[in-house]
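**Q** Sharing structure22.cif (mmCIF, C-alpha atoms) below.
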```cif
data_run
loop_
_atom_site.label_atom_id
_atom_site.label_comp_id
_atom_site.auth_asym_id
_atom_site.auth_seq_id
_atom_site.Cartn_x
_atom_site.Cartn_y
_atom_site.Cartn_z
CA MET P 114 54.48 113.43 71.02
CA LEU P 115 57.36 112.28 73.23
CA ILE P 116 57.48 113.70 76.77
CA VAL P 117 60.82 113.03 78.47
CA THR P 118 61.21 113.51 82.20
CA GLY P 119 62.99 112.17 85.26
CA ALA P 120 65.40 113.60 87.83
CA GLY P 121 66.48 112.29 91.21
CA TYR P 122 68.12 108.99 92.11
CA ALA P 123 68.89 106.66 94.99
CA PRO P 124 69.66 106.96 97.77
CA GLU P 125 68.11 110.43 98.21
CA ALA P 126 65.15 110.12 95.81
CA PRO P 127 65.15 106.63 94.29
CA ASN P 128 62.09 107.27 92.10
CA GLY P 129 62.75 110.90 91.30
CA GLU P 130 60.98 114.04 92.38
CA SER P 131 57.67 115.90 92.38
CA ASP P 132 58.89 118.40 89.81
CA GLY P 133 58.65 116.85 86.36
CA PRO P 134 56.06 114.07 86.39
CA PRO P 135 53.10 116.36 87.27
CA GLY P 136 54.12 118.77 84.53
CA ALA P 137 54.54 115.89 82.10
CA ALA P 138 51.07 114.65 83.02
CA ALA P 139 49.57 118.12 82.53
CA LEU P 140 51.18 118.35 79.10
CA ALA P 141 49.90 114.90 78.16
CA ARG P 142 46.40 115.82 79.27
CA ALA P 143 46.39 119.08 77.32
CA MET P 144 47.86 117.46 74.19
CA PHE P 145 45.46 114.52 74.37
CA TRP P 146 42.29 116.61 74.71
CA GLY P 147 43.40 119.76 72.90
CA LEU P 148 45.32 118.35 69.93
CA ARG P 149 44.10 114.75 69.92
CA ALA P 150 47.74 113.73 70.17
CA VAL P 151 49.03 110.43 71.53
CA PRO P 152 51.42 111.33 74.38
CA VAL P 153 54.30 108.94 74.96
CA PHE P 154 56.16 109.30 78.25
CA VAL P 155 59.86 108.46 77.98
CA THR P 156 61.85 107.93 81.14
CA GLU P 157 64.23 105.69 83.01
CA PRO P 158 62.66 102.65 84.70
CA CYS P 159 63.23 104.11 88.17
CA HIS P 160 61.18 107.19 87.31
CA ALA P 161 58.26 105.34 85.74
CA PRO P 162 56.05 104.89 88.86
CA PRO P 163 55.58 108.63 89.60
CA VAL P 164 55.10 109.39 85.90
CA VAL P 165 52.39 106.76 85.50
CA ALA P 166 50.71 107.74 88.78
CA SER P 167 50.69 111.44 87.82
CA SER P 168 49.23 110.74 84.40
CA GLN P 169 46.53 108.46 85.71
CA ALA P 170 45.61 110.99 88.39
CA ALA P 171 45.21 113.50 85.55
CA GLY P 172 42.73 111.15 83.89
CA ILE P 173 45.12 110.00 81.16
CA MET P 174 45.52 106.25 81.46
CA VAL P 175 48.88 104.76 80.48
CA ARG P 176 48.35 101.91 78.03
CA ASP P 177 50.44 99.76 75.72
CA TYR P 178 51.64 101.87 72.81
CA PRO P 179 49.76 99.96 70.05
CA LEU P 180 46.46 100.43 71.91
CA ALA P 181 47.14 104.09 72.70
CA LYS P 182 48.10 104.73 69.08
CA SER P 183 45.46 102.77 67.22
CA ARG P 184 42.50 103.47 69.51
CA ARG P 185 43.63 106.79 71.08
CA MET P 186 43.20 105.31 74.53
CA GLY P 187 45.36 107.52 76.69
CA ALA P 188 49.13 107.78 76.78
CA ALA P 189 51.91 105.24 76.44
CA LEU P 190 55.19 104.70 78.30
CA MET P 191 58.62 103.76 77.02
CA THR P 192 61.44 103.15 79.47
CA SER P 193 65.11 103.37 78.64
CA PRO P 194 67.84 100.76 78.98
CA THR P 195 69.72 100.86 82.26
CA GLU P 196 73.11 100.67 80.51
CA GLN P 197 74.41 103.72 78.68
CA HIS P 198 75.89 101.80 75.77
CA ALA P 199 72.40 100.68 74.72
CA VAL P 200 70.72 104.10 74.80
CA GLU P 201 71.68 105.38 71.36
CA GLU P 202 70.23 102.41 69.49
CA TRP P 203 67.16 102.44 71.74
CA ALA P 204 66.60 106.15 71.01
CA ALA P 205 66.63 105.47 67.28
CA ASP P 206 64.10 102.66 67.79
CA VAL P 207 61.79 104.97 69.78
CA PHE P 208 61.69 107.37 66.84
CA LYS P 209 61.15 104.58 64.34
CA ILE P 210 58.22 103.19 66.33
CA CYS P 211 56.54 106.43 67.40
CA ARG P 212 57.42 108.80 64.56
CA PRO P 213 56.76 111.78 66.85
CA ALA P 214 55.85 115.25 65.65
CA ALA P 215 57.73 116.77 68.59
CA ILE P 216 59.73 115.88 71.68
CA ILE P 217 59.50 117.76 74.99
CA ALA P 218 61.90 117.48 77.92
CA ILE P 219 60.66 118.63 81.31
CA GLU P 220 62.98 118.49 84.32
CA ARG P 221 65.18 115.97 82.54
CA LEU P 222 68.86 116.04 83.39
CA GLY P 223 71.25 116.64 80.52
CA PRO P 224 75.02 116.12 80.34
CA ASN P 225 77.60 118.83 80.92
CA VAL P 226 80.71 119.49 78.80
CA ASP P 227 82.22 116.23 80.03
CA GLY P 228 79.07 114.20 79.24
CA ILE P 229 78.16 113.85 82.93
CA LEU P 230 74.74 114.33 84.53
CA HIS P 231 74.60 116.42 87.70
CA TYR P 232 72.22 117.64 90.33
CA SER P 233 72.06 121.42 90.49
CA THR P 234 74.22 121.30 93.64
CA GLY P 235 77.27 120.03 91.77
CA VAL P 236 76.78 116.43 92.91
CA ARG P 237 77.01 113.58 90.41
CA PRO P 238 74.19 111.03 90.85
CA GLU P 239 74.94 107.34 90.55
CA GLY P 240 73.03 104.72 88.62
CA CYS P 241 71.64 107.06 85.96
CA VAL P 242 71.73 107.10 82.18
CA ASP P 243 71.88 110.02 79.77
CA LEU P 244 68.78 110.23 77.55
CA SER P 245 70.06 113.10 75.42
CA PRO P 246 70.56 110.76 72.41
CA LEU P 247 66.79 111.16 71.98
CA PHE P 248 67.42 114.82 71.17
CA ASP P 249 70.29 113.94 68.86
CA GLU P 250 67.81 111.74 67.02
CA ALA P 251 65.28 114.58 66.89
CA ARG P 252 67.85 116.83 65.24
CA LYS P 253 68.74 114.16 62.67
CA ARG P 254 65.07 113.75 61.78
CA ASP P 255 64.18 117.45 61.91
CA VAL P 256 61.68 116.85 64.73
CA LEU P 257 60.75 119.86 66.86
CA SER P 258 62.34 119.78 70.32
CA ILE P 259 61.28 121.73 73.41
CA GLY P 260 63.07 121.95 76.74
CA ILE P 261 61.63 123.05 80.08
CA GLY P 262 63.93 123.42 83.08
CA ASP P 263 64.65 125.47 86.17
CA ASN P 264 68.27 125.15 87.25
CA GLY P 265 70.68 124.88 84.34
CA ASN P 266 71.27 121.13 84.45
CA GLU P 267 68.15 120.17 82.48
CA ILE P 268 67.88 119.48 78.76
CA GLY P 269 67.23 122.74 76.92
CA PHE P 270 69.62 124.94 78.91
CA GLY P 271 72.29 124.25 76.30
CA ARG P 272 70.85 127.22 74.41
CA ILE P 273 72.27 129.51 77.10
CA HIS P 274 75.18 127.35 78.25
CA GLY P 275 77.75 130.15 78.37
CA PHE P 276 75.46 132.35 80.45
CA MET P 277 74.73 129.53 82.90
CA GLN P 278 78.43 128.85 83.35
CA ASP P 279 78.84 132.38 84.71
CA PHE P 280 75.46 132.67 86.45
CA HIS P 281 75.12 129.33 88.24
CA PRO P 282 76.93 128.77 91.58
CA TYR P 283 78.22 125.51 90.13
CA GLY P 284 78.57 126.81 86.60
CA ARG P 285 82.24 125.91 86.32
CA ARG P 286 82.88 123.64 89.30
CA CYS P 287 81.36 120.66 91.09
CA GLN P 288 81.53 119.11 94.54
CA TYR P 289 84.31 116.79 93.48
CA ASP P 290 87.77 117.34 92.06
CA GLY P 291 87.95 118.03 88.34
CA GLY P 292 84.26 118.73 87.80
CA LYS P 293 83.58 121.35 85.13
CA GLY P 294 80.16 122.56 86.23
CA VAL P 295 76.58 121.38 86.10
CA PRO P 296 75.05 123.32 83.14
CA THR P 297 74.07 121.01 80.32
CA ILE P 298 75.24 121.51 76.75
CA VAL P 299 72.06 119.95 75.31
CA ALA P 300 70.01 122.58 73.48
CA THR P 301 66.47 122.36 72.11
CA ASP P 302 64.74 124.25 69.32
CA ILE P 303 62.51 125.98 71.88
CA PHE P 304 63.65 126.53 75.44
CA LEU P 305 61.41 127.59 78.33
CA PRO P 306 63.15 128.33 81.66
CA ALA P 307 60.84 128.51 84.67
CA SER P 308 61.16 128.95 88.43
CA ILE P 309 59.75 125.44 88.74
CA SER P 310 59.65 123.15 85.72
CA ASN P 311 56.06 122.04 86.37
CA TRP P 312 54.98 125.66 86.21
CA GLY P 313 56.61 126.08 82.81
CA ALA P 314 54.60 123.10 81.57
CA TYR P 315 51.42 124.62 82.98
CA GLY P 316 52.19 127.79 81.05
CA ILE P 317 52.35 125.81 77.81
CA CYS P 318 49.05 124.17 78.69
CA ALA P 319 47.53 127.62 79.25
CA MET P 320 48.73 128.87 75.87
CA LEU P 321 47.31 125.76 74.22
CA ALA P 322 44.04 126.33 76.10
CA PHE P 323 43.91 129.88 74.78
CA LEU P 324 44.61 128.83 71.20
CA CYS P 325 42.07 126.00 71.37
CA LYS P 326 39.57 128.17 73.30
CA GLN P 327 39.29 125.42 75.93
CA GLN P 328 39.93 126.65 79.47
CA ASP P 329 39.82 123.12 80.88
CA LEU P 330 43.03 122.15 79.10
CA VAL P 331 44.58 123.67 82.24
CA GLN P 332 43.80 121.44 85.22
CA THR P 333 41.78 122.77 88.13
CA PRO P 334 43.49 123.42 91.48
CA GLU P 335 41.71 120.35 92.87
CA LEU P 336 43.07 118.20 90.06
CA GLU P 337 46.54 119.68 90.57
CA ARG P 338 46.43 118.56 94.20
CA LYS P 339 45.42 115.09 93.09
CA ILE P 340 48.21 114.86 90.50
CA VAL P 341 50.99 116.06 92.80
CA THR P 342 49.75 113.86 95.65
CA ALA P 343 49.72 110.83 93.36
CA CYS P 344 53.27 111.61 92.28
CA LEU P 345 54.44 111.90 95.89
CA ASP P 346 52.65 108.70 96.92
CA ALA P 347 54.34 106.84 94.05
CA GLY P 348 57.80 107.88 95.23
CA GLY P 349 58.31 111.13 93.33
CA TRP P 350 59.33 113.04 96.44
CA GLU P 351 59.90 116.75 96.84
CA MET P 352 63.56 117.38 96.17
CA ARG P 353 64.34 120.20 98.60
CA TYR P 354 64.16 117.93 101.64
CA CYS P 355 63.60 114.51 100.00
CA THR P 356 60.31 113.85 101.78
CA SER P 357 56.78 112.99 100.68
CA ARG P 358 55.32 116.25 101.99
CA PHE P 359 53.00 118.26 99.72
CA ILE P 360 55.85 120.36 98.33
CA VAL P 361 57.36 120.98 94.89
CA ASP P 362 60.90 122.37 94.76
CA GLY P 363 60.57 123.88 98.22
CA THR P 364 57.22 125.58 97.53
CA GLU P 365 54.00 124.53 99.22
CA GLY P 366 51.71 122.46 97.03
CA GLU P 367 49.07 125.14 97.43
CA SER P 368 51.35 127.47 95.47
CA SER P 369 51.12 125.16 92.47
CA MET P 370 47.36 125.05 92.94
CA ALA P 371 47.30 128.85 92.91
CA ILE P 372 49.40 128.96 89.74
CA VAL P 373 46.95 126.79 87.79
CA GLN P 374 44.01 128.83 89.07
CA LEU P 375 45.70 132.02 87.92
CA LEU P 376 46.40 130.49 84.50
CA ARG P 377 42.84 129.25 84.19
CA ASP P 378 41.55 132.75 84.94
CA MET P 379 43.94 134.28 82.40
CA VAL P 380 42.64 131.91 79.75
CA ARG P 381 38.99 132.40 80.73
CA VAL P 382 38.99 136.20 80.60
CA ASN P 383 40.79 136.17 77.25
CA ILE P 384 38.53 133.68 75.47
CA ALA P 385 35.17 134.77 76.94
CA PRO P 386 33.00 136.95 74.67
CA PRO P 387 32.32 140.50 75.91
CA ASP P 388 29.07 140.64 77.84
CA ARG P 389 28.64 143.75 79.99
CA GLY P 390 30.45 146.53 81.82
CA LEU P 391 32.65 149.41 80.72
CA SER P 392 35.69 147.15 80.41
CA HIS P 393 34.08 145.10 77.64
CA GLY P 394 34.28 147.36 74.64
CA ASP P 395 32.47 150.20 72.95
CA ILE P 396 29.91 151.84 75.27
CA ASP P 397 27.73 152.84 72.29
CA ARG P 398 26.83 149.25 71.52
#
```
Go through the file and emit its structure as structure tokens.
**A**
Amino acid sequence: MLIVTGAGYAPEAPNGESDGPPGAAALARAMFWGLRAVPVFVTEPCHAPPVVASSQAAGIMVRDYPLAKSRRMGAALMTSPTEQHAVEEWAADVFKICRPAAIIAIERLGPNVDGILHYSTGVRPEGCVDLSPLFDEARKRDVLSIGIGDNGNEIGFGRIHGFMQDFHPYGRRCQYDGGKGVPTIVATDIFLPASISNWGAYGICAMLAFLCKQQDLVQTPELERKIVTACLDAGGWEMRYCTSRFIVDGTEGESSMAIVQLLRDMVRVNIAPPDRGLSHGDIDR
């Protein structure tokens, strides 16, 4: 299972942001314990520290791929080249080595109609590479692809590209001359838009928890605090103000804690056997 994430660059957020790595870590945790999968994080080198820190805070150690694969000892990490010309061949190698059953993008920037990555504000970041060749490779190999995003510029939104062009404030323009808008053209087989990308990932974890009848596949609020704090401390700052405050996409960290508690309760009440009370079935029993 490949989990691709990473958004935010120098000088504003040199190691990325707090939306993405925590969600990736939550997915890895749920896949590892629920499906016995071997999660492989895929990201640019600059985004690796928050991804690793988030995963390890979630209790999923990041090991060398051979050890993670052969002994099922946590997750693995693969970082991309820093030059765009090398990405396509590298993407093919990732698939040859890992032979993934699926690939998930969470808060991972995708190129627009001109092949350019953008922030949602119509600004073009410098020093970044486009990792969408991984999704080209998935299509070639008939590997399931999933995209989670929140603002139109993330991989997956290509499924509704035309809508986003009309809906997004920078759907057809950018903050520089000649820009043709921020929405990405990269589609995925399954696309999950969310108000905050991490929350979309937590929703997937909750559905997996329901199907596996394991409530704890969704992290506790206390663990959520630990994961987001680890991400922030490793340089994955909150993107609204580019600080290390306990914030994700402008929302207080406690809001994310509340979301996971709500999801845990939704799972719990739907997998628990009926026990007592008028709301639990036939009163004649």
**Q** Report as JSON, numbers by chain all protein, DNA and RNA residues lying within 9 Å of range 144-158 of chain P, evaluated on all atoms listed in the file, omitting residues in the same chain fewer than 2 positions from it.
**A** {"P": [114, 115, 116, 117, 118, 119, 128, 137, 138, 139, 140, 141, 142, 160, 161, 162, 164, 165, 173, 175, 178, 181, 182, 185, 186, 187, 188, 189, 190, 191, 192, 193, 194, 195, 211, 213, 221, 241, 242, 244, 318, 321, 322, 325, 327, 330]}
**Q** Decode the PyMOL selection byres ((chain P and resi 358) around 12) for the given file into explicit residues and return them as a JSON list (two decimals) with C-alpha atoms, keeping the file's coordinate frame.
**A**
```json
[["chain", "number", "residue", "atom", "x", "y", "z"],
["P", 130, "GLU", "CA", 60.98, 114.04, 92.38],
["P", 131, "SER", "CA", 57.67, 115.90, 92.38],
["P", 341, "VAL", "CA", 50.99, 116.06, 92.80],
["P", 342, "THR", "CA", 49.75, 113.86, 95.65],
["P", 343, "ALA", "CA", 49.72, 110.83, 93.36],
["P", 344, "CYS", "CA", 53.27, 111.61, 92.28],
["P", 345, "LEU", "CA", 54.44, 111.90, 95.89],
["P", 346, "ASP", "CA", 52.65, 108.70, 96.92],
["P", 348, "GLY", "CA", 57.80, 107.88, 95.23],
["P", 349, "GLY", "CA", 58.31, 111.13, 93.33],
["P", 350, "TRP", "CA", 59.33, 113.04, 96.44],
["P", 351, "GLU", "CA", 59.90, 116.75, 96.84],
["P", 352, "MET", "CA", 63.56, 117.38, 96.17],
["P", 353, "ARG", "CA", 64.34, 120.20, 98.60],
["P", 354, "TYR", "CA", 64.16, 117.93, 101.64],
["P", 355, "CYS", "CA", 63.60, 114.51, 100.00],
["P", 356, "THR", "CA", 60.31, 113.85, 101.78],
["P", 357, "SER", "CA", 56.78, 112.99, 100.68],
["P", 359, "PHE", "CA", 53.00, 118.26, 99.72],
["P", 360, "ILE", "CA", 55.85, 120.36, 98.33],
["P", 361, "VAL", "CA", 57.36, 120.98, 94.89],
["P", 362, "ASP", "CA", 60.90, 122.37, 94.76],
["P", 363, "GLY", "CA", 60.57, 123.88, 98.22],
["P", 364, "THR", "CA", 57.22, 125.58, 97.53],
["P", 365, "GLU", "CA", 54.00, 124.53, 99.22],
["P", 366, "GLY", "CA", 51.71, 122.46, 97.03],
["P", 367, "GLU", "CA", 49.07, 125.14, 97.43]]
```
**Q** I need the residue nearest Gly269 in chain P from this list: P:Ala218, P:Arg286, P:Arg254, P:Asn225. Use only C-alpha atoms for the distance.
**A** P:Ala218
**Q** With distances taken over all atoms listed in the file, which of P:Gly292, P:Ala385, P:Pro135, P:Ala307 is nearest to Ala170 in chain P?
**A**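 Of P:Gly292, P:Ala385, P:Pro135, P:Ala307, the one nearest Ala170 in chain P is P:Pro135, counting all atoms listed in the file.
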**Q** Can you list, as a list in words, the residues that the PyMOL selection byres ((chain P and resi 371) around 12) selects here?
**A** Trp312, Tyr315, Gln332, Thr333, Pro334, Glu335, Leu336, Glu337, Arg338, Thr364, Glu365, Gly366, Glu367, Ser368, Ser369, Met370, Ile372, Val373, Gln374, Leu375, Leu376, Arg377 and Asp378 of chain P
**Q** Taking 4 positions as the minimum chain separation for residues in the same chain, which residues sit within 12 Å of Met277 in chain P when counting only C-alpha atoms? Answer as a list in words.
**A**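 Close residues of Met277 in chain P: Asn225, Ser233, Asp263, Asn264, Gly265, Asn266, Glu267, Gly269, Phe270, Gly271, Arg272, Ile273, His281, Pro282, Tyr283, Gly284, Arg285, Arg286, Gly294, Val295, Pro296, Thr297, Ile298 and Pro306 of chain P.
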**Q** So what do you get for CA of Gly260 in chain P versus CA of Ala314 in chain P, distance-wise?
**A**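 So the two atoms, CA of Gly260 in chain P and CA of Ala314 in chain P, lie 9.8 Å apart.
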**Q** Can you measure CA of Val331 in chain P to CA of Ile384 in chain P for me? One decimal in Å is fine.
**A**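 So the two atoms, CA of Val331 in chain P and CA of Ile384 in chain P, lie 13.5 Å apart.
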**Q** Could you check how far CA of Gly316 in chain P sits from CA of Ala171 in chain P, in Å to one decimal?
**A** 16.5 Å
**Q** Decode the PyMOL selection byres ((chain P and resi 123-125) around 9) for the given file into explicit residues and return them as an mmCIF file with C-alpha atoms, keeping the file's coordinate frame.
**A**
```
data_model
loop_
_atom_site.group_PDB
_atom_site.id
_atom_site.type_symbol
_atom_site.label_atom_id
_atom_site.label_comp_id
_atom_site.auth_asym_id
_atom_site.auth_seq_id
_atom_site.Cartn_x
_atom_site.Cartn_y
_atom_site.Cartn_z
ATOM 1 C CA GLY P 121 66.480 112.290 91.210
ATOM 2 C CA TYR P 122 68.120 108.990 92.110
ATOM 3 C CA ALA P 126 65.150 110.120 95.810
ATOM 4 C CA PRO P 127 65.150 106.630 94.290
ATOM 5 C CA ASN P 128 62.090 107.270 92.100
ATOM 6 C CA GLY P 129 62.750 110.900 91.300
ATOM 7 C CA PRO P 238 74.190 111.030 90.850
ATOM 8 C CA GLU P 239 74.940 107.340 90.550
ATOM 9 C CA GLY P 240 73.030 104.720 88.620
ATOM 10 C CA MET P 352 63.560 117.380 96.170
ATOM 11 C CA CYS P 355 63.600 114.510 100.000
#
```
